[in-house]
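One file, data07.pdb, is given below (PDB, C-alpha atoms).
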```pdb
MODEL        1
ATOM      1  CA  MET A   3     -46.637 215.261 -80.457
ATOM      2  CA  ILE A   4     -46.931 216.815 -83.891
ATOM      3  CA  ILE A   5     -48.046 214.454 -86.663
ATOM      4  CA  GLU A   6     -49.408 215.761 -89.955
ATOM      5  CA  SER A   7     -52.253 214.085 -91.816
ATOM      6  CA  THR A   8     -52.036 212.457 -95.222
ATOM      7  CA  LEU A   9     -55.747 213.109 -95.909
ATOM      8  CA  ARG A  10     -56.686 215.677 -98.548
ATOM      9  CA  PRO A  11     -59.557 218.109 -97.882
ATOM     10  CA  GLU A  12     -60.961 217.681-101.393
ATOM     11  CA  ASN A  13     -61.589 213.992-100.639
ATOM     12  CA  ALA A  14     -63.671 214.645 -97.515
ATOM     13  CA  VAL A  15     -67.254 213.349 -97.709
ATOM     14  CA  ASN A  16     -68.505 216.177 -95.506
ATOM     15  CA  ARG A  17     -67.275 219.687 -94.696
ATOM     16  CA  THR A  18     -69.074 221.912 -92.200
ATOM     17  CA  THR A  19     -68.132 225.410 -91.092
ATOM     18  CA  VAL A  20     -69.188 226.115 -87.507
ATOM     19  CA  ASP A  21     -69.501 229.853 -87.056
ATOM     20  CA  ALA A  22     -68.041 231.673 -84.062
ATOM     21  CA  GLY A  23     -70.127 230.867 -80.998
ATOM     22  CA  ASP A  24     -72.259 228.266 -82.807
ATOM     23  CA  HIS A  25     -72.712 224.513 -82.293
ATOM     24  CA  TYR A  26     -72.642 221.233 -84.233
ATOM     25  CA  ILE A  27     -74.087 217.774 -83.639
ATOM     26  CA  GLY A  28     -73.724 214.763 -85.925
ATOM     27  CA  THR A  29     -72.769 211.079 -86.137
ATOM     28  CA  LEU A  30     -69.302 209.781 -86.980
ATOM     29  CA  LYS A  31     -69.315 206.144 -88.130
ATOM     30  CA  ALA A  32     -66.759 203.585 -86.967
ATOM     31  CA  GLY A  33     -63.679 203.863 -89.170
ATOM     32  CA  GLN A  34     -64.396 207.424 -90.269
ATOM     33  CA  THR A  35     -61.988 210.268 -89.572
ATOM     34  CA  LEU A  36     -62.987 213.644 -88.160
ATOM     35  CA  ARG A  37     -60.755 216.691 -88.533
ATOM     36  CA  ILE A  38     -61.376 219.748 -86.356
ATOM     37  CA  LEU A  39     -59.712 222.667 -88.116
ATOM     38  CA  ASP A  40     -58.862 225.934 -86.374
ATOM     39  CA  LEU A  41     -59.386 228.333 -89.266
ATOM     40  CA  GLU A  42     -58.069 231.580 -87.764
ATOM     41  CA  GLY A  43     -56.125 230.378 -84.727
ATOM     42  CA  ASN A  44     -56.559 230.071 -80.943
ATOM     43  CA  GLN A  45     -60.221 229.112 -81.101
ATOM     44  CA  ALA A  46     -61.436 226.584 -78.516
ATOM     45  CA  ALA A  47     -63.670 223.722 -79.684
ATOM     46  CA  ASP A  48     -65.443 222.293 -76.630
ATOM     47  CA  THR A  49     -66.359 218.733 -77.628
ATOM     48  CA  LEU A  50     -68.336 215.809 -76.226
ATOM     49  CA  PHE A  51     -68.544 212.261 -77.627
ATOM     50  CA  TYR A  52     -71.287 209.678 -77.057
ATOM     51  CA  SER A  53     -71.818 206.124 -78.199
ATOM     52  CA  ALA A  54     -74.418 206.311 -80.974
ATOM     53  CA  ARG A  55     -75.763 202.937 -79.822
ATOM     54  CA  ASP A  56     -76.346 204.087 -76.242
ATOM     55  CA  THR A  57     -75.691 207.712 -75.291
ATOM     56  CA  ALA A  58     -75.391 206.677 -71.626
ATOM     57  CA  GLU A  59     -71.896 205.597 -72.699
ATOM     58  CA  ARG A  60     -69.811 208.718 -73.264
ATOM     59  CA  TYR A  61     -66.293 210.120 -73.313
ATOM     60  CA  SER A  62     -64.661 209.819 -69.897
ATOM     61  CA  ALA A  63     -61.922 212.311 -69.028
ATOM     62  CA  MET A  64     -61.089 210.341 -65.870
ATOM     63  CA  ASP A  65     -60.562 207.019 -67.644
ATOM     64  CA  THR A  66     -58.733 208.611 -70.565
ATOM     65  CA  VAL A  67     -56.273 210.520 -68.363
ATOM     66  CA  ARG A  68     -55.686 207.549 -66.062
ATOM     67  CA  GLU A  69     -55.079 204.984 -68.793
ATOM     68  CA  GLN A  70     -52.722 207.130 -70.873
ATOM     69  CA  GLY A  71     -50.911 208.607 -67.846
ATOM     70  CA  ALA A  72     -51.003 212.121 -69.308
ATOM     71  CA  LEU A  73     -53.142 215.193 -68.666
ATOM     72  CA  TYR A  74     -53.191 216.485 -72.233
ATOM     73  CA  LEU A  75     -54.344 214.918 -75.474
ATOM     74  CA  THR A  76     -52.297 214.741 -78.670
ATOM     75  CA  ALA A  77     -51.461 212.370 -81.530
ATOM     76  CA  GLY A  78     -51.620 208.813 -80.235
ATOM     77  CA  SER A  79     -54.078 209.571 -77.425
ATOM     78  CA  ARG A  80     -56.872 207.011 -77.033
ATOM     79  CA  LEU A  81     -60.211 208.446 -75.920
ATOM     80  CA  LEU A  82     -61.982 206.013 -73.617
ATOM     81  CA  SER A  83     -65.645 205.847 -72.704
ATOM     82  CA  SER A  84     -67.347 205.662 -69.320
ATOM     83  CA  GLU A  85     -67.516 201.888 -69.946
ATOM     84  CA  GLY A  86     -63.774 201.646 -70.570
ATOM     85  CA  ASN A  87     -64.192 201.135 -74.319
ATOM     86  CA  LEU A  88     -62.116 202.831 -76.985
ATOM     87  CA  MET A  89     -64.173 205.550 -78.686
ATOM     88  CA  LEU A  90     -61.661 207.412 -80.838
ATOM     89  CA  THR A  91     -57.914 207.705 -81.398
ATOM     90  CA  ILE A  92     -56.126 210.941 -82.268
ATOM     91  CA  THR A  93     -54.135 210.070 -85.385
ATOM     92  CA  ALA A  94     -52.895 213.500 -86.465
ATOM     93  CA  ASP A  95     -52.305 216.745 -84.598
ATOM     94  CA  THR A  96     -50.554 219.917 -85.726
ATOM     95  CA  CYS A  97     -51.311 221.882 -82.554
ATOM     96  CA  GLY A  98     -49.519 219.653 -80.068
ATOM     97  CA  ARG A  99     -51.784 219.341 -77.059
ATOM     98  CA  HIS A 100     -55.416 219.736 -76.040
ATOM     99  CA  ASP A 101     -57.029 220.345 -72.658
ATOM    100  CA  THR A 102     -59.190 217.752 -70.941
ATOM    101  CA  LEU A 103     -59.377 219.350 -67.469
ATOM    102  CA  GLY A 104     -60.662 222.919 -67.789
ATOM    103  CA  GLY A 105     -64.298 222.096 -68.516
ATOM    104  CA  ALA A 106     -66.737 224.267 -70.433
ATOM    105  CA  CYS A 107     -67.928 227.797 -69.822
ATOM    106  CA  ALA A 108     -71.439 228.215 -68.404
ATOM    107  CA  SER A 109     -73.437 231.035 -66.890
ATOM    108  CA  GLU A 110     -72.423 229.812 -63.434
ATOM    109  CA  SER A 111     -68.696 229.649 -64.179
ATOM    110  CA  ASN A 112     -68.798 233.018 -65.949
ATOM    111  CA  THR A 113     -70.215 234.474 -62.744
ATOM    112  CA  VAL A 114     -67.679 232.784 -60.444
ATOM    113  CA  ARG A 115     -64.610 233.424 -62.597
ATOM    114  CA  TYR A 116     -65.364 236.868 -63.917
ATOM    115  CA  ASP A 117     -68.275 238.919 -62.591
ATOM    116  CA  LEU A 118     -71.976 238.768 -61.818
ATOM    117  CA  GLU A 119     -72.522 240.953 -64.885
ATOM    118  CA  LYS A 120     -71.140 238.117 -67.080
ATOM    119  CA  ARG A 121     -73.848 235.615 -66.060
ATOM    120  CA  HIS A 122     -76.045 236.378 -69.066
ATOM    121  CA  MET A 123     -73.256 235.906 -71.633
ATOM    122  CA  HIS A 124     -73.539 233.056 -74.139
ATOM    123  CA  SER A 125     -71.629 229.921 -73.152
ATOM    124  CA  CYS A 126     -70.650 226.459 -74.359
ATOM    125  CA  ARG A 127     -73.224 224.860 -72.091
ATOM    126  CA  ASP A 128     -75.873 227.070 -73.726
ATOM    127  CA  ASN A 129     -74.672 225.832 -77.124
ATOM    128  CA  TRP A 130     -74.940 222.185 -76.130
ATOM    129  CA  MET A 131     -78.378 222.673 -74.620
ATOM    130  CA  GLN A 132     -79.563 224.366 -77.808
ATOM    131  CA  ALA A 133     -78.161 221.570 -79.973
ATOM    132  CA  ILE A 134     -79.853 218.756 -78.054
ATOM    133  CA  ALA A 135     -83.121 220.710 -77.961
ATOM    134  CA  ASP A 136     -83.008 221.254 -81.734
ATOM    135  CA  TYR A 137     -82.075 217.620 -82.505
ATOM    136  CA  PRO A 138     -83.873 215.346 -80.000
ATOM    137  CA  GLU A 139     -83.418 212.389 -82.343
ATOM    138  CA  TYR A 140     -79.901 211.887 -80.945
ATOM    139  CA  GLY A 141     -81.384 210.980 -77.579
ATOM    140  CA  ILE A 142     -79.122 213.267 -75.546
ATOM    141  CA  THR A 143     -80.634 215.053 -72.558
ATOM    142  CA  LYS A 144     -79.462 217.649 -70.046
ATOM    143  CA  ARG A 145     -78.248 214.943 -67.662
ATOM    144  CA  ASP A 146     -75.903 213.632 -70.385
ATOM    145  CA  ILE A 147     -73.853 216.848 -70.559
ATOM    146  CA  THR A 148     -70.661 215.891 -68.752
ATOM    147  CA  HIS A 149     -66.936 216.678 -68.804
ATOM    148  CA  ASN A 150     -65.589 217.636 -72.223
ATOM    149  CA  ILE A 151     -62.425 218.063 -74.277
ATOM    150  CA  ASN A 152     -61.253 221.583 -75.103
ATOM    151  CA  PHE A 153     -59.484 221.148 -78.427
ATOM    152  CA  PHE A 154     -56.849 223.864 -79.042
ATOM    153  CA  MET A 155     -57.296 225.348 -75.557
ATOM    154  CA  ASN A 156     -54.296 226.065 -73.323
ATOM    155  CA  VAL A 157     -54.972 225.290 -69.646
ATOM    156  CA  PRO A 158     -51.653 224.769 -67.822
ATOM    157  CA  VAL A 159     -51.550 223.066 -64.431
ATOM    158  CA  THR A 160     -49.667 225.061 -61.803
ATOM    159  CA  ALA A 161     -47.090 223.616 -59.399
ATOM    160  CA  GLU A 162     -49.743 223.839 -56.677
ATOM    161  CA  GLY A 163     -52.187 221.770 -58.730
ATOM    162  CA  GLY A 164     -54.416 224.610 -59.890
ATOM    163  CA  LEU A 165     -55.520 225.474 -63.424
ATOM    164  CA  THR A 166     -54.869 228.668 -65.354
ATOM    165  CA  PHE A 167     -56.468 229.803 -68.604
ATOM    166  CA  GLU A 168     -53.755 231.175 -70.877
ATOM    167  CA  ASP A 169     -53.290 232.444 -74.417
ATOM    168  CA  GLY A 170     -53.975 229.760 -76.988
ATOM    169  CA  ILE A 171     -51.133 227.751 -78.525
ATOM    170  CA  SER A 172     -52.884 227.094 -81.813
ATOM    171  CA  ALA A 173     -52.608 229.119 -85.040
ATOM    172  CA  PRO A 174     -54.503 229.498 -88.333
ATOM    173  CA  GLY A 175     -54.771 226.153 -90.113
ATOM    174  CA  LYS A 176     -53.871 223.964 -87.140
ATOM    175  CA  TYR A 177     -55.979 220.822 -86.791
ATOM    176  CA  VAL A 178     -56.553 217.615 -84.890
ATOM    177  CA  GLU A 179     -57.828 214.365 -86.456
ATOM    178  CA  LEU A 180     -59.607 211.499 -84.752
ATOM    179  CA  VAL A 181     -60.571 208.059 -86.060
ATOM    180  CA  ALA A 182     -63.738 206.550 -84.582
ATOM    181  CA  ALA A 183     -63.525 203.040 -83.116
ATOM    182  CA  MET A 184     -67.324 202.919 -82.745
ATOM    183  CA  ASP A 185     -70.259 204.907 -84.082
ATOM    184  CA  VAL A 186     -70.189 208.121 -82.060
ATOM    185  CA  VAL A 187     -72.324 211.235 -81.735
ATOM    186  CA  VAL A 188     -70.143 214.335 -81.890
ATOM    187  CA  LEU A 189     -71.350 217.428 -80.020
ATOM    188  CA  VAL A 190     -69.251 220.577 -80.486
ATOM    189  CA  SER A 191     -69.538 224.069 -79.088
ATOM    190  CA  ASN A 192     -67.363 226.538 -80.968
ATOM    191  CA  CYS A 193     -66.634 228.468 -77.795
ATOM    192  CA  PRO A 194     -68.231 231.936 -77.560
ATOM    193  CA  GLN A 195     -66.135 232.915 -74.528
ATOM    194  CA  LEU A 196     -65.160 236.599 -74.411
ATOM    195  CA  ASN A 197     -63.666 236.743 -70.922
ATOM    196  CA  ASN A 198     -60.483 234.667 -71.010
ATOM    197  CA  PRO A 199     -57.530 234.874 -73.416
ATOM    198  CA  CYS A 200     -57.875 231.389 -74.935
ATOM    199  CA  ASN A 201     -59.164 232.868 -78.211
ATOM    200  CA  GLY A 202     -57.770 236.372 -77.898
ATOM    201  CA  TYR A 203     -61.224 237.572 -76.754
ATOM    202  CA  ASN A 204     -62.378 237.134 -80.351
ATOM    203  CA  PRO A 205     -64.282 233.911 -81.223
ATOM    204  CA  THR A 206     -63.742 232.748 -84.826
ATOM    205  CA  PRO A 207     -65.090 229.929 -87.057
ATOM    206  CA  ILE A 208     -63.838 226.353 -87.164
ATOM    207  CA  GLU A 209     -64.326 223.717 -89.845
ATOM    208  CA  LEU A 210     -65.200 220.041 -89.416
ATOM    209  CA  LEU A 211     -64.201 217.576 -92.147
ATOM    210  CA  ILE A 212     -65.108 213.879 -92.339
ATOM    211  CA  TRP A 213     -63.493 211.145 -94.414
ATOM    212  CA  LYS A 214     -64.729 207.579 -94.895
TER     213      LYS A 214
ENDMDL
END
```
Could the structure of this file be written out as structure tokens, please?
Amino acid sequence: MIIESTLRPENAVNRTTVDAGDHYIGTLKAGQTLRILDLEGNQAADTLFYSARDTAERYSAMDTVREQGALYLTAGSRLLSSEGNLMLTITADTCGRHDTLGGACASESNTVRYDLEKRHMHSCRDNWMQAIADYPEYGITKRDITHNINFFMNVPVTAEGGLTFEDGISAPGKYVELVAAMDVVVLVSNCPQLNNPCNGYNPTPIELLIWK
């Protein structure tokens, strides 16, 4: 569902550009709005959310998909935690749908999906591991890296129940906005993937904006 935002970028209290293949970690307070902006189009933003009070409570793909009865996320979707609590609600979306099944690229998946020679290539899991190593104050460890949301990524489900990784459906300037229902830690990998067509084999920057 396409719903445009009424928020103006010049009123944002924080704006951060996340370079191609880079990562971001930060806290979003309850009531604040986060916009993830696809600057050049078809870039995947692999994202994890944690309760800032207790990072053992985190975004749950299983609970979110079950409770909303839909595989994809869009405006109106409620993101639930592993404790069944509401974490965030998508309030605006100009892309239309976002993947919550395909998972994140890692050295292991690069090897299985593509080739043994791809094992060394930078991945979203590498990004997350670097972020939590650089910022231990958030209290997130390796065991806390679980299933994520792939904002802007196109992962259709086949009639046989399989997943395919297809060309992105986003475009320059498309965005998704989420309002936090609790204080959450936001962990983003601006996907460095070069082996599937989700970003046209060309990772590009994204921008994160926060409003009170």
Per residue of region 131-169 of chain A within 12 Å of region 20-27 of chain A, what are the shortest atom pair and its distance in Å to one decimal, counting all atoms listed in the file, with rows by chain and residue number, as a tab-separated table?
```
residue	atom	partner	partner_atom	distance
A:Met131	CA	A:His25	CA	9.7
A:Gln132	CA	A:His25	CA	8.2
A:Ala133	CA	A:His25	CA	6.6
A:Ile134	CA	A:Ile27	CA	8.1
A:Ala135	CA	A:Ile27	CA	11.1
A:Asp136	CA	A:Ile27	CA	9.8
A:Tyr137	CA	A:Ile27	CA	8.1
A:Pro138	CA	A:Ile27	CA	10.7
A:Glu139	CA	A:Ile27	CA	10.9
A:Tyr140	CA	A:Ile27	CA	8.7
A:Gly141	CA	A:Ile27	CA	11.7
A:Ile142	CA	A:Ile27	CA	10.5
```
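Nearest to Ala47 (chain A) of all the residues A:Ala183, A:Ala77, A:Leu210, A:Leu82 is A:Leu210, counting all atoms listed in the file.
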Explicit residues for the PyMOL selection byres ((chain A and resi 212) around 6) (as a list in words): Ala14, Val15, Asn16, Thr35, Leu36, Leu211 and Trp213 of chain A
Spatial neighbours of Ile92 (chain A), max dist 8 Å, all atoms listed in the file, sep filter under 5 positions, as an NGL selection string: :A and (76-81 or 178-181)
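Put simply, CA of Asp48 (chain A) is 9.1 Å away from CA of Cys107 (chain A).
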CA of Arg99 (chain A) and CA of Arg68 (chain A) are how many Å apart? 16.6 Å
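Nearest to Asn129 (chain A) of all the residues A:Val187, A:Leu75, A:Ala58, A:Ile147 is A:Ile147, counting only C-alpha atoms.
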Reference answer for the PyMOL selection byres ((chain A and resi 174) around 8), as a ChimeraX atom specification: /A:40-44,172-173,175-176
Apply the PyMOL selection byres ((chain A and resi 31) around 9) to the file shown and report the selected residues as an mmCIF file with C-alpha atoms, in the coordinates of the input.
```cif
data_model
loop_
_atom_site.group_PDB
_atom_site.id
_atom_site.type_symbol
_atom_site.label_atom_id
_atom_site.label_comp_id
_atom_site.auth_asym_id
_atom_site.auth_seq_id
_atom_site.Cartn_x
_atom_site.Cartn_y
_atom_site.Cartn_z
ATOM 1 C CA THR A 29 -72.769 211.079 -86.137
ATOM 2 C CA LEU A 30 -69.302 209.781 -86.980
ATOM 3 C CA ALA A 32 -66.759 203.585 -86.967
ATOM 4 C CA GLY A 33 -63.679 203.863 -89.170
ATOM 5 C CA GLN A 34 -64.396 207.424 -90.269
ATOM 6 C CA THR A 35 -61.988 210.268 -89.572
ATOM 7 C CA ALA A 54 -74.418 206.311 -80.974
ATOM 8 C CA ALA A 182 -63.738 206.550 -84.582
ATOM 9 C CA ALA A 183 -63.525 203.040 -83.116
ATOM 10 C CA MET A 184 -67.324 202.919 -82.745
ATOM 11 C CA ASP A 185 -70.259 204.907 -84.082
ATOM 12 C CA VAL A 186 -70.189 208.121 -82.060
ATOM 13 C CA VAL A 187 -72.324 211.235 -81.735
ATOM 14 C CA LYS A 214 -64.729 207.579 -94.895
#
```
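For the atom pair formed by CA of Thr143 (chain A) and CA of Glu85 (chain A), the distance is 18.8 Å, given to one decimal.
The residue that comes closest to Ser191 (chain A), out of A:Cys126, A:Val67, A:Met155, A:Leu39 and on the basis of all atoms listed in the file, is A:Cys126.
If you measure from each of A:Val157, A:Met3, A:Leu88, A:Ala106 to Pro194 (chain A) using only C-alpha atoms, the closest one turns out to be A:Ala106.
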